[in-house]
Number of protein chains: 4
Amino acid sequence: MNFASDNVSPFCPEVLEALAQESKSNAPAYGSDDLSQQLDAAFSDLFDKEVAVIPVATGTAANCISLSALVSPYGGVICHHEAHINEDESTGVAFFTGGAKLLPMDGPTAKLEATELDAFIAGQVDRGVHSVSPECVAITQATELGTVYALSEVTAIGEVCKNRGLRLFMDGARFANAVAHLGCHPADITWKAGVDALSFGATKNGAMAVDAIVLFDTSLKGRIEQARKRSGHLHSKHRYLATQLLAYVKNDVWLKNAGHANQAAQALSDLLTARGAELAHSADGNELFVKLDTDLAAKLRAAGLMFHAWPSLGKDVYRFVAAWNTDIGQITEMNTTLG
Amino acid sequence: MNFASDNVSPFCPEVLEALAQESKSNAPAYGSDDLSQQLDAAFSDLFDKEVAVIPVATGTAANCISLSALVSPYGGVICHHEAHINEDESTGVAFFTGGAKLLPMDGPTAKLEATELDAFIAGQVDRGVHSVSPECVAITQATELGTVYALSEVTAIGEVCKNRGLRLFMDGARFANAVAHLGCHPADITWKAGVDALSFGATKNGAMAVDAIVLFDTSLKGRIEQARKRSGHLHSKHRYLATQLLAYVKNDVWLKNAGHANQAAQALSDLLTARGAELAHSADGNELFVKLDTDLAAKLRAAGLMFHAWPSLGKDVYRFVAAWNTDIGQITEMNTTLG
Amino acid sequence: MNFASDNVSPFCPEVLEALAQESKSNAPAYGSDDLSQQLDAAFSDLFDKEVAVIPVATGTAANCISLSALVSPYGGVICHHEAHINEDESTGVAFFTGGAKLLPMDGPTAKLEATELDAFIAGQVDRGVHSVSPECVAITQATELGTVYALSEVTAIGEVCKNRGLRLFMDGARFANAVAHLGCHPADITWKAGVDALSFGATKNGAMAVDAIVLFDTSLKGRIEQARKRSGHLHSKHRYLATQLLAYVKNDVWLKNAGHANQAAQALSDLLTARGAELAHSADGNELFVKLDTDLAAKLRAAGLMFHAWPSLGKDVYRFVAAWNTDIGQITEMNTTLG
Amino acid sequence: MNFASDNVSPFCPEVLEALAQESKSNAPAYGSDDLSQQLDAAFSDLFDKEVAVIPVATGTAANCISLSALVSPYGGVICHHEAHINEDESTGVAFFTGGAKLLPMDGPTAKLEATELDAFIAGQVDRGVHSVSPECVAITQATELGTVYALSEVTAIGEVCKNRGLRLFMDGARFANAVAHLGCHPADITWKAGVDALSFGATKNGAMAVDAIVLFDTSLKGRIEQARKRSGHLHSKHRYLATQLLAYVKNDVWLKNAGHANQAAQALSDLLTARGAELAHSADGNELFVKLDTDLAAKLRAAGLMFHAWPSLGKDVYRFVAAWNTDIGQITEMNTTLG
């Protein structure tokens with residue numbers, strides 16, 4: 001079984017069905033088609049608020065294009081050291097923003113804490129044009145370490161941002177896993193908590209290649225669309241981005257997929273801990289970070305499990321990622337296989 | 001019938017089949033999968049030379065990322081005024097290159113002519129750091145006005161570039177239509193003629209969303225891959241770019257599709273000219289630019305044809321674009337319909 | 001005599017006196033010193049309006065930093081083909097603005113004409129995010145070809161900008177020569193005519209190294225100051241920029257210097273035309289563009305005159321630039337020297 | 001007495017003399033004048049190696065332009081957290097490099113240590129295009145905390161860079177103070193130790209506004225000159241940058257000035273420590289960081305001393321900076337004044 005990443009999963013049947021359906025006829029290009037025109041309404045329903053939706057094909061594009069409208073070329077973006085934008089997106093943020101600087105800080109399990117954040121902001125001595133002033137805070141939900149911010153935690157961060165006059169951005173590459181875990185309304189964890197813009201991830205959770213920039217502040221739309229075009233992220237056959245997204249949110253496919261992945265992670269967690277593995281920290285979504293002794297690690301690999309070592313959390317720590325298509329039955333059967 | 005653009009066409013059955021096939025199983029992310037690993041070999045076969053292939057989802061990305069490795073931030077890119085990079089990609093070239101300047105020039109039917117090009121380069125007075133020195137020439141094959149450079153024309157341009165020490169880039173958004181028209185080997189019109197890098201278009205001609213950067217100078221690969229990642233154009237489920245491309249070039253689907261589109265354009269040309277329309281210039285590929293009198297234009301719209309006015313070529317000039325899925329029978333039937 | 005450029009002139013005694021005076025004592029850095037603090041008031045007096053002044057050491061910096069606050073990274077700046085920002089500042093505009101595109105147009109003697117400008121703007125077909133929308137017009141006063149916009153000409157351009165919703169920027173590298181020629185109040189030719197920001201040149205006309213960004217729209221100040229710092233144009237010993245500027249505007253030194261240069265150009269014009277030279281166009285400021293026959297050109301060079309050929313205006317056309325320190329008596333004496 | 005910064009000092013008599021001398025006559029612009037042409041030779045003598053010298057008006061420009069030729073837009077620059085490029089130059093590095101990322105690390109008294117540096121580089125897990133690879137190390141000599149790298153320390157860092165394939169840049173805003181302290185040949189601490197490019201500071205130590213980019217790798221010259229022009233840092237009256245620099249290095253004025261400043265700092269150190277103040281760390285150059293009790297601090301201020309609190313080193317720590325013009329006699333007299 002492949003637990004290397006949720007990126008190894010294919011897209012889901014609902015997406016295939018939608019794509020196949022859209023392969024039969026012509027339609028206007030660059031977002032003028034009917035499906036693309038439905039996006040704003042579909043997501044406004046989903047979030048119980050009028051939003052603007054700009055789909056792109058990758059999470060890096062969604063994150064960096066969003067930030068380009070939230071921060072000036074001489075501003076700073078506070079994020080966790082572990083943040084994808086800090087660790088995994090090359091120099092994307094500086095490229096898209098025209099030079100804005102990441103201001104990474106720490107926090108347990110890849111989460112920013114509101115009190116620490118407030119102190120961090122206070123500690124950024126403003127020396128006018130010489131220093132870089134924070135203009136935006138970026139949090140990841142679920143985090144890069146598989147934890148999920150509680151409602152109260154996001155809300156507290158939103159309060160800090162509001163008081164300090166900073167924008168709040170949410171990287172939701174695994175937003176579905178977070179919502180499935182929390183069981184909350186998507187509105188609660190986003191705009192109601194102060195989030196200005198969200199990367200609503202779909203690729204990892206059943207789409208082929210689409211993440212949506214969801215703007216709760218719709219005044220950002222024009223700049224985002226300009227930034228998308230000039231960076232080559234406006235698809236000519238835009239309907240194929242739209243149809244993936246619509247299929248993904250229709251009938252709560254996104255929550256079904258994420259719920260499944262979370263459950264699979266839980267099943268795997270049970271399997272591993274029963275064999276003496278120890279969770280590095282709580283596994284809220286579809287990612288597990290576990291400490292394995294050498295024997296167990298070897299045994300799992302021998303049984304065909306694929307997963308990565310995660311040395312930044314310790315030398316015996318490994319990451320396992322479940323996906324929408326992980327076979328839970330197969331995990332259960334491993335109880336037998338592993339003996 | 002929709003002749004507004006080839007972008008209105010869906011993707012073709014071979015691509016659907018390939019995508020569907022790849023929706024059944026897991027595979028490594030970010031290009032480590034088997035299909036992605038086959039790209040270099042497949043295109044090296046196609047071009048009869050060892051090439052490096054970097055797929056992206058849009059033509060603007062393919063063009064601008066390519067140019068970012070061919071020109072310095074203070075250099076110039078010579079292109080035709082009508083070039084897509086000059087007219088249709090916002091400020092993409094400056095964004096990706098860090099500031100390089102487009103140096104547009106004229107030429108009949110959107111083509112650069114070698115002699116004029118040479119004179120244009122000679123006329124760029126080099127005033128050292130004050131002026132912008134041309135470092136690259138970009139041509140579009142087939143052109144934005146539906147014409148196709150003859151082999152001799154590209155070769156002559158290649159010679160100029162070589163003599164002047166400039167790079168040569170080819171925007172091949174409709175490369176397939178050009179090759180289908182010329183009946184030549186793809187090598188003849190590219191690297192053998194001096195082209196350093198090519199945007200090998202697939203999206204307009206049967207793919208869903210993929211164009212390939214084909215590097216004849218493979219030393220550019222590293223920089224291109226860095227530029228792709230930081231601009232958010234590296235897909236996590238990279239195999240879906242690869243599988244589209246492989247299906248597109250397998251069994252010459254690309255040439256079959258393009259040949260069909262060219263033929264459809266020809267059938268439409270026959271239909272229109274028989275009714276008194278006049279071609280603005282030769283229609284070599286899948287695009288027609290025709291002068292229609294008001295009555296005929298109205299009649300065609302009444303019959304359900306969709307097409308754009310093209311005022312830059314004159315007030316009665318219109319553009320019609322055929323695609324891989326244009327129903328040629330339906331065009332023929334219009335002879336009856338139109339009376 | 002050196003007529004190669006006004007850049008070959010040294011700085012004037014008033015500037016030396018001011019610098020020497022400021023070399024005697026300590027003062028706060030980065031613009032907190034008394035002299036720097038006087039700039040806004042001095043220029044508000046000069047322009048009869050509350051303005052913000054940000055001094056930098058070069059004209060390219062003044063122009064490009066100004067434009068960075070007047071245009072978005074995906075916008076366009078309309079200028080004349082001959083404009084210094086288009087011809088002589090490398091890729092500076094794209095660099096500072098993050099990618100904005102110059103949209104050059106023609107016009108007699110390097111001037112934009114309001115009617116043509118309006119038509120040019122109207123002709124920029126707005127294709128949304130695909131095309132580049134003009135956001136700013138940049139004119140040079142006096143122009144690169146030594147002519148000066150009349151009040152009515154600038155006012156008409158200002159009207160066009162206002163009606164079209166565009167910003168108006170003035171490159172005033174030789175602003176003093178223009179004002180000296182027009183004999184108008186500086187306000188008339190700038191903010192009263194619709195100019196948002198001005199590069200107020202001093203370097204060519206008697207300063208050592210300082211041009212001032214003068215903001216008639218003071219709301220731009222914050223962004224300009226940020227752009228200045230991050231581009232390395234904020235001087236630590238800022239008072240030396242300030243003191244040059246203050247000495248330059250005090251007692252109308254700027255107008256005295258420019259008036260002298262204009263008069264010298266006129267004397268040279270008289271000398272040359274008396275000998276059969278023909279002005280390419282009116283010489284309004286301190287620059288002459290004249291047609292010389294081969295004999296006269298040779299004779300002048302033999303007599304020690306330095307000047308540049310200006311082939312873009314014709315093969316026998318030459319440029320002569322007078323400066324604040326040009327010896328008019330020596331020009332008169334040449335009547336004898338040349339025989 | 002003003003110990004707020006060395007930026008509060010004026011320029012020195014030798015610089016005034018040179019500027020005044022150059023105010024008397026015309027000379028070619030943009031670096032074609034005789035003085036500018038002498039720079040390479042003068043600095044090649046100084047460094048006992050053929051170097052290329054590109055003068056600019058500010059330290060930020062010297063640093064950022066240098067780095068733009070040493071690192072790619074997707075690369076990283078390792079520096080100390082306290083580095084001027086990290087703390088005091090806004091987003092300059094990202095702006096000039098097109099997006100390169102600063103990778104700050106710690107070390108005592110603002111110094112990088114070779115062993116720690118090597119471990120830091122080793123710890124930068126190379127995840128290909130996803131992560132940012134260090135391409136350059138930037139050190140400051142003397143450091144931002146007033147310490148000076150020993151020859152052996154720079155040499156060890158140079159070794160690490162060489163072994164790891166990284167460039168080495170030195171921010172020498174206070175290079176003179178470092179050389180004066182070490183008593184070494186400038187070559188020993190730069191190119192002989194592996195430094196590729198140096199910002200040779202002059203502004204803080206007696207010039208008006210000039211720092212020199214000194215390239216020990218002269219192959220970088222072309223790119224540096226292009227970067228200088230497009231960023232508006234090429235002065236038209238370039239000779240005034242040149243003449244400052246030539247006056248600054250002639251007759252060892254730079255070392256005389258720096259030696260004086262270092263000595264003044266020492267005198268002040270003696271004065272303060274005799275009164276119970278404690279140095280935060282060794283004061284190698286012209287900067288002191290001292291712990292003062294509240295009474296002493298108040299007493300010094302009452303006596304007219306100006307200096308800044310330096311809270312990052314502790315709540316009772318203050319910075320005092322001496323300059324080339326600090327009156328040492330006046331410091332001695334304070335022994336009496338303070339009682």
# chains A, B, ... in the order shown; residues from 1 in each chain; ligands from 1
$ residues_around --residues "segment 194-211 of chain C" --least-positions-apart "3" --cutoff "7 Å" --atoms "only C-alpha atoms" --output "MDAnalysis selection string"
(chainID C and resid 6:7 10:12 15 55:59 62:63 66 155 158 167:175 190:191 214:217 241 244 248 257:258 323:324) or (chainID D and resid 237)
$ write_last_selection --atoms "N, CA and C atoms" --output "JSON list (two decimals), in the first residue's frame"
[["chain", "number", "residue", "atom", "x", "y", "z"],
["C", 6, "ASP", "N", 24.43, 67.66, -21.60],
["C", 6, "ASP", "CA", 24.49, 68.50, -20.41],
["C", 6, "ASP", "C", 25.02, 67.70, -19.21],
["C", 7, "ASN", "N", 25.13, 66.39, -19.39],
["C", 7, "ASN", "CA", 25.71, 65.56, -18.33],
["C", 7, "ASN", "C", 27.21, 65.75, -18.18],
["C", 10, "PRO", "N", 29.88, 70.16, -14.91],
["C", 10, "PRO", "CA", 30.06, 69.89, -13.47],
["C", 10, "PRO", "C", 28.86, 70.42, -12.69],
["C", 11, "PHE", "N", 28.94, 70.38, -11.38],
["C", 11, "PHE", "CA", 27.88, 71.02, -10.60],
["C", 11, "PHE", "C", 28.23, 72.48, -10.39],
["C", 12, "CYS", "N", 27.26, 73.27, -10.00],
["C", 12, "CYS", "CA", 27.44, 74.72, -9.99],
["C", 12, "CYS", "C", 27.94, 75.22, -8.62],
["C", 15, "VAL", "N", 25.84, 74.81, -5.48],
["C", 15, "VAL", "CA", 25.77, 73.44, -4.96],
["C", 15, "VAL", "C", 27.05, 73.11, -4.20],
["C", 55, "PRO", "N", 13.77, 62.76, -2.84],
["C", 55, "PRO", "CA", 14.94, 62.90, -3.71],
["C", 55, "PRO", "C", 15.67, 61.58, -3.93],
["C", 56, "VAL", "N", 16.15, 61.40, -5.13],
["C", 56, "VAL", "CA", 17.01, 60.26, -5.46],
["C", 56, "VAL", "C", 18.18, 60.79, -6.29],
["C", 57, "ALA", "N", 19.15, 59.92, -6.55],
["C", 57, "ALA", "CA", 20.38, 60.42, -7.17],
["C", 57, "ALA", "C", 20.35, 60.43, -8.69],
["C", 58, "THR", "N", 19.41, 59.74, -9.31],
["C", 58, "THR", "CA", 19.42, 59.68, -10.78],
["C", 58, "THR", "C", 18.02, 59.85, -11.36],
["C", 59, "GLY", "N", 17.99, 60.23, -12.62],
["C", 59, "GLY", "CA", 16.73, 60.40, -13.32],
["C", 59, "GLY", "C", 16.03, 59.08, -13.56],
["C", 62, "ALA", "N", 14.30, 58.26, -10.43],
["C", 62, "ALA", "CA", 13.13, 59.13, -10.23],
["C", 62, "ALA", "C", 11.97, 58.67, -11.12],
["C", 63, "ASN", "N", 12.26, 58.38, -12.37],
["C", 63, "ASN", "CA", 11.21, 57.96, -13.29],
["C", 63, "ASN", "C", 10.61, 56.61, -12.90],
["C", 66, "SER", "N", 8.78, 56.46, -9.52],
["C", 66, "SER", "CA", 7.49, 57.13, -9.67],
["C", 66, "SER", "C", 6.48, 56.21, -10.35],
["C", 155, "THR", "N", -2.07, 70.60, -20.96],
["C", 155, "THR", "CA", -3.43, 70.63, -20.42],
["C", 155, "THR", "C", -4.35, 69.69, -21.20],
["C", 158, "GLY", "N", -3.58, 66.24, -20.20],
["C", 158, "GLY", "CA", -4.15, 66.03, -18.88],
["C", 158, "GLY", "C", -5.65, 65.75, -18.93],
["C", 167, "ARG", "N", -3.41, 57.86, -15.16],
["C", 167, "ARG", "CA", -2.50, 58.73, -14.44],
["C", 167, "ARG", "C", -1.63, 59.48, -15.44],
["C", 168, "LEU", "N", -1.12, 60.64, -15.02],
["C", 168, "LEU", "CA", -0.21, 61.39, -15.87],
["C", 168, "LEU", "C", 1.11, 61.65, -15.13],
["C", 169, "PHE", "N", 2.17, 61.16, -15.75],
["C", 169, "PHE", "CA", 3.51, 61.33, -15.18],
["C", 169, "PHE", "C", 4.34, 62.21, -16.10],
["C", 170, "MET", "N", 5.16, 63.08, -15.51],
["C", 170, "MET", "CA", 6.05, 63.93, -16.30],
["C", 170, "MET", "C", 7.51, 63.67, -15.95],
["C", 171, "ASP", "N", 8.27, 63.27, -16.96],
["C", 171, "ASP", "CA", 9.71, 63.14, -16.81],
["C", 171, "ASP", "C", 10.30, 64.53, -17.04],
["C", 172, "GLY", "N", 10.72, 65.16, -15.98],
["C", 172, "GLY", "CA", 11.23, 66.53, -16.07],
["C", 172, "GLY", "C", 12.73, 66.59, -15.89],
["C", 173, "ALA", "N", 13.44, 65.69, -16.54],
["C", 173, "ALA", "CA", 14.91, 65.73, -16.46],
["C", 173, "ALA", "C", 15.41, 67.12, -16.86],
["C", 174, "ARG", "N", 14.70, 67.74, -17.82],
["C", 174, "ARG", "CA", 15.03, 69.12, -18.23],
["C", 174, "ARG", "C", 13.82, 70.03, -18.00],
["C", 175, "PHE", "N", 13.16, 69.81, -16.87],
["C", 175, "PHE", "CA", 11.99, 70.61, -16.51],
["C", 175, "PHE", "C", 12.35, 72.09, -16.42],
["C", 190, "THR", "N", 2.20, 71.64, -14.54],
["C", 190, "THR", "CA", 2.22, 70.35, -13.83],
["C", 190, "THR", "C", 0.84, 70.02, -13.25],
["C", 191, "TRP", "N", 0.66, 70.21, -11.96],
["C", 191, "TRP", "CA", -0.57, 69.74, -11.33],
["C", 191, "TRP", "C", -1.81, 70.45, -11.85],
["C", 214, "VAL", "N", 8.53, 64.61, -7.29],
["C", 214, "VAL", "CA", 7.58, 65.55, -6.71],
["C", 214, "VAL", "C", 6.18, 64.98, -6.89],
["C", 215, "LEU", "N", 5.53, 64.71, -5.76],
["C", 215, "LEU", "CA", 4.20, 64.08, -5.79],
["C", 215, "LEU", "C", 3.12, 65.12, -5.58],
["C", 216, "PHE", "N", 2.35, 65.37, -6.61],
["C", 216, "PHE", "CA", 1.20, 66.27, -6.45],
["C", 216, "PHE", "C", 0.05, 65.50, -5.80],
["C", 217, "ASP", "N", 0.04, 64.20, -6.00],
["C", 217, "ASP", "CA", -0.87, 63.33, -5.27],
["C", 217, "ASP", "C", -0.06, 62.76, -4.11],
["C", 241, "LEU", "N", 21.62, 64.96, -0.47],
["C", 241, "LEU", "CA", 20.63, 65.10, -1.55],
["C", 241, "LEU", "C", 19.81, 66.36, -1.31],
["C", 244, "GLN", "N", 21.67, 69.75, -1.95],
["C", 244, "GLN", "CA", 21.80, 70.07, -3.37],
["C", 244, "GLN", "C", 20.49, 70.66, -3.90],
["C", 248, "TYR", "N", 19.63, 74.41, -5.18],
["C", 248, "TYR", "CA", 19.24, 74.46, -6.59],
["C", 248, "TYR", "C", 17.98, 75.29, -6.81],
["C", 257, "ASN", "N", 20.18, 78.90, -14.15],
["C", 257, "ASN", "CA", 21.02, 77.94, -14.89],
["C", 257, "ASN", "C", 20.36, 77.52, -16.21],
["C", 258, "ALA", "N", 19.09, 77.21, -16.12],
["C", 258, "ALA", "CA", 18.40, 76.74, -17.33],
["C", 258, "ALA", "C", 18.28, 77.85, -18.36],
["C", 323, "ALA", "N", 24.71, 73.79, -21.65],
["C", 323, "ALA", "CA", 24.48, 73.55, -20.22],
["C", 323, "ALA", "C", 24.58, 74.86, -19.45],
["C", 324, "TRP", "N", 24.36, 74.75, -18.15],
["C", 324, "TRP", "CA", 24.38, 75.93, -17.29],
["C", 324, "TRP", "C", 25.73, 76.65, -17.35],
["D", 237, "LYS", "N", 26.72, 61.75, -13.96],
["D", 237, "LYS", "CA", 27.99, 62.41, -13.62],
["D", 237, "LYS", "C", 28.79, 61.46, -12.74]]
$ interface_residues --of "chain A" --to "chain D" --cutoff "8 Å" --atoms "only C-alpha atoms" --output "number ranges by chain"
A: 73-75, 87-92, 94-95, 98-101, 129-132
$ atom_distance --atom1 "atom CA of Asp270 of chain A" --atom2 "atom CA of Trp254 of chain A"
24.3 Å
$ select_by_dssp --residues "segment 25-272 of chain B" --states "strand (DSSP E or B)" --output "PyMOL selection string"
chain B and resi 52-56+75-80+101-105+133-140+167-172+197-201+211-215
$ write_last_selection --atoms "C-alpha atoms" --output "mmCIF file, in the first residue's frame"
data_model
loop_
_atom_site.group_PDB
_atom_site.id
_atom_site.type_symbol
_atom_site.label_atom_id
_atom_site.label_comp_id
_atom_site.auth_asym_id
_atom_site.auth_seq_id
_atom_site.Cartn_x
_atom_site.Cartn_y
_atom_site.Cartn_z
ATOM 1 C CA ALA B 52 14.104 17.303 -22.743
ATOM 2 C CA VAL B 53 10.371 17.712 -22.263
ATOM 3 C CA ILE B 54 8.720 19.745 -19.529
ATOM 4 C CA PRO B 55 4.924 19.715 -19.688
ATOM 5 C CA VAL B 56 2.777 22.528 -18.368
ATOM 6 C CA GLY B 75 17.476 41.560 -22.622
ATOM 7 C CA GLY B 76 15.035 41.827 -25.482
ATOM 8 C CA VAL B 77 12.863 39.335 -27.328
ATOM 9 C CA ILE B 78 12.125 40.137 -30.945
ATOM 10 C CA CYS B 79 8.705 39.024 -32.069
ATOM 11 C CA HIS B 80 5.965 39.989 -34.476
ATOM 12 C CA LYS B 101 11.368 43.572 -23.086
ATOM 13 C CA LEU B 102 9.443 42.550 -26.153
ATOM 14 C CA LEU B 103 10.760 44.189 -29.303
ATOM 15 C CA PRO B 104 7.900 43.806 -31.763
ATOM 16 C CA MET B 105 8.355 44.237 -35.511
ATOM 17 C CA SER B 133 19.881 44.258 -26.622
ATOM 18 C CA PRO B 134 17.938 41.572 -28.459
ATOM 19 C CA GLU B 135 18.884 38.162 -27.089
ATOM 20 C CA CYS B 136 16.162 35.992 -28.553
ATOM 21 C CA VAL B 137 13.815 35.805 -31.522
ATOM 22 C CA ALA B 138 10.360 34.295 -31.033
ATOM 23 C CA ILE B 139 8.289 33.098 -33.962
ATOM 24 C CA THR B 140 4.912 31.411 -33.980
ATOM 25 C CA ARG B 167 18.413 32.376 -29.399
ATOM 26 C CA LEU B 168 15.452 31.140 -31.433
ATOM 27 C CA PHE B 169 12.198 30.215 -29.755
ATOM 28 C CA MET B 170 9.133 28.798 -31.460
ATOM 29 C CA ASP B 171 5.628 29.230 -30.079
ATOM 30 C CA GLY B 172 4.002 26.089 -31.432
ATOM 31 C CA ALA B 197 13.130 25.573 -27.588
ATOM 32 C CA LEU B 198 9.570 24.930 -28.680
ATOM 33 C CA SER B 199 6.174 25.263 -27.069
ATOM 34 C CA PHE B 200 4.604 22.125 -28.435
ATOM 35 C CA GLY B 201 0.890 22.842 -28.256
ATOM 36 C CA ASP B 211 1.464 22.040 -23.737
ATOM 37 C CA ALA B 212 5.016 20.748 -23.729
ATOM 38 C CA ILE B 213 8.186 22.741 -23.497
ATOM 39 C CA VAL B 214 10.527 20.847 -25.816
ATOM 40 C CA LEU B 215 14.165 21.722 -25.281
#
$ residues_around --residues "Ala18 of chain D" --least-positions-apart "5" --cutoff "9 Å" --atoms "only C-alpha atoms" --output "compact mmCIF listing (two decimals) with N, CA and C atoms, in the first residue's frame"
# COMPACT_ATOMS: atom_id res chain seq x y z
N PRO D 13 37.49 66.08 4.61
CA PRO D 13 38.09 67.16 3.82
C PRO D 13 38.67 66.67 2.49
N SER D 23 34.59 70.22 -9.78
CA SER D 23 33.46 71.10 -10.11
C SER D 23 33.86 72.19 -11.09
N TYR D 240 31.74 61.85 -10.10
CA TYR D 240 31.64 62.25 -8.69
C TYR D 240 31.57 61.06 -7.75
N THR D 243 35.54 60.15 -8.02
CA THR D 243 36.49 61.03 -7.32
C THR D 243 36.40 60.86 -5.81
N GLN D 244 35.21 60.58 -5.31
CA GLN D 244 35.11 60.28 -3.88
C GLN D 244 35.92 59.05 -3.52
N LEU D 246 38.40 57.62 -5.18
CA LEU D 246 39.85 57.78 -5.36
C LEU D 246 40.45 58.59 -4.22
N ALA D 247 39.73 59.63 -3.81
CA ALA D 247 40.22 60.42 -2.67
C ALA D 247 40.22 59.58 -1.40
$ select_by_dssp --residues "segment 46-291 of chain A" --states "alpha helix (DSSP H)" --output "PyMOL selection string"
chain A and resi 46-47+59-70+84-87+92-97+114-123+151-164+175-182+221-230+239-249+253-274
$ atom_distance --atom1 "atom CA of His233 of chain D" --atom2 "atom CA of Ser36 of chain D"
14.8 Å
$ residues_around --residues "Asp40 of chain D" --least-positions-apart "3" --cutoff "8 Å" --atoms "only C-alpha atoms" --output "PyMOL selection string"
chain D and resi 37+43-44+50-53
$ write_last_selection --atoms "N, CA and C atoms" --output "CSV table (one decimal), in the first residue's frame"
chain,number,residue,atom,x,y,z
D,37,GLN,N,37.8,55.9,-15.1
D,37,GLN,CA,38.7,54.9,-15.8
D,37,GLN,C,39.9,54.5,-14.9
D,43,PHE,N,42.0,50.1,-7.4
D,43,PHE,CA,41.6,49.0,-6.5
D,43,PHE,C,42.4,47.7,-6.8
D,44,SER,N,42.8,47.6,-8.0
D,44,SER,CA,43.7,46.4,-8.3
D,44,SER,C,45.0,46.5,-7.5
D,50,GLU,N,43.9,41.8,-10.1
D,50,GLU,CA,43.0,42.5,-11.0
D,50,GLU,C,41.6,42.4,-10.6
D,51,VAL,N,41.0,43.5,-10.3
D,51,VAL,CA,39.6,43.5,-9.9
D,51,VAL,C,38.8,44.4,-10.8
D,52,ALA,N,37.5,44.3,-10.8
D,52,ALA,CA,36.6,45.2,-11.5
D,52,ALA,C,35.8,46.0,-10.4
D,53,VAL,N,35.7,47.3,-10.6
D,53,VAL,CA,35.0,48.1,-9.5
D,53,VAL,C,33.8,48.8,-10.1
$ residues_around --residues "segment 276-285 of chain A" --least-positions-apart "4" --cutoff "8 Å" --atoms "only C-alpha atoms" --output "ChimeraX atom specification"
/A:109,142,146-148,177-178,181,261-262,265-266,269,272,289-293,313,317
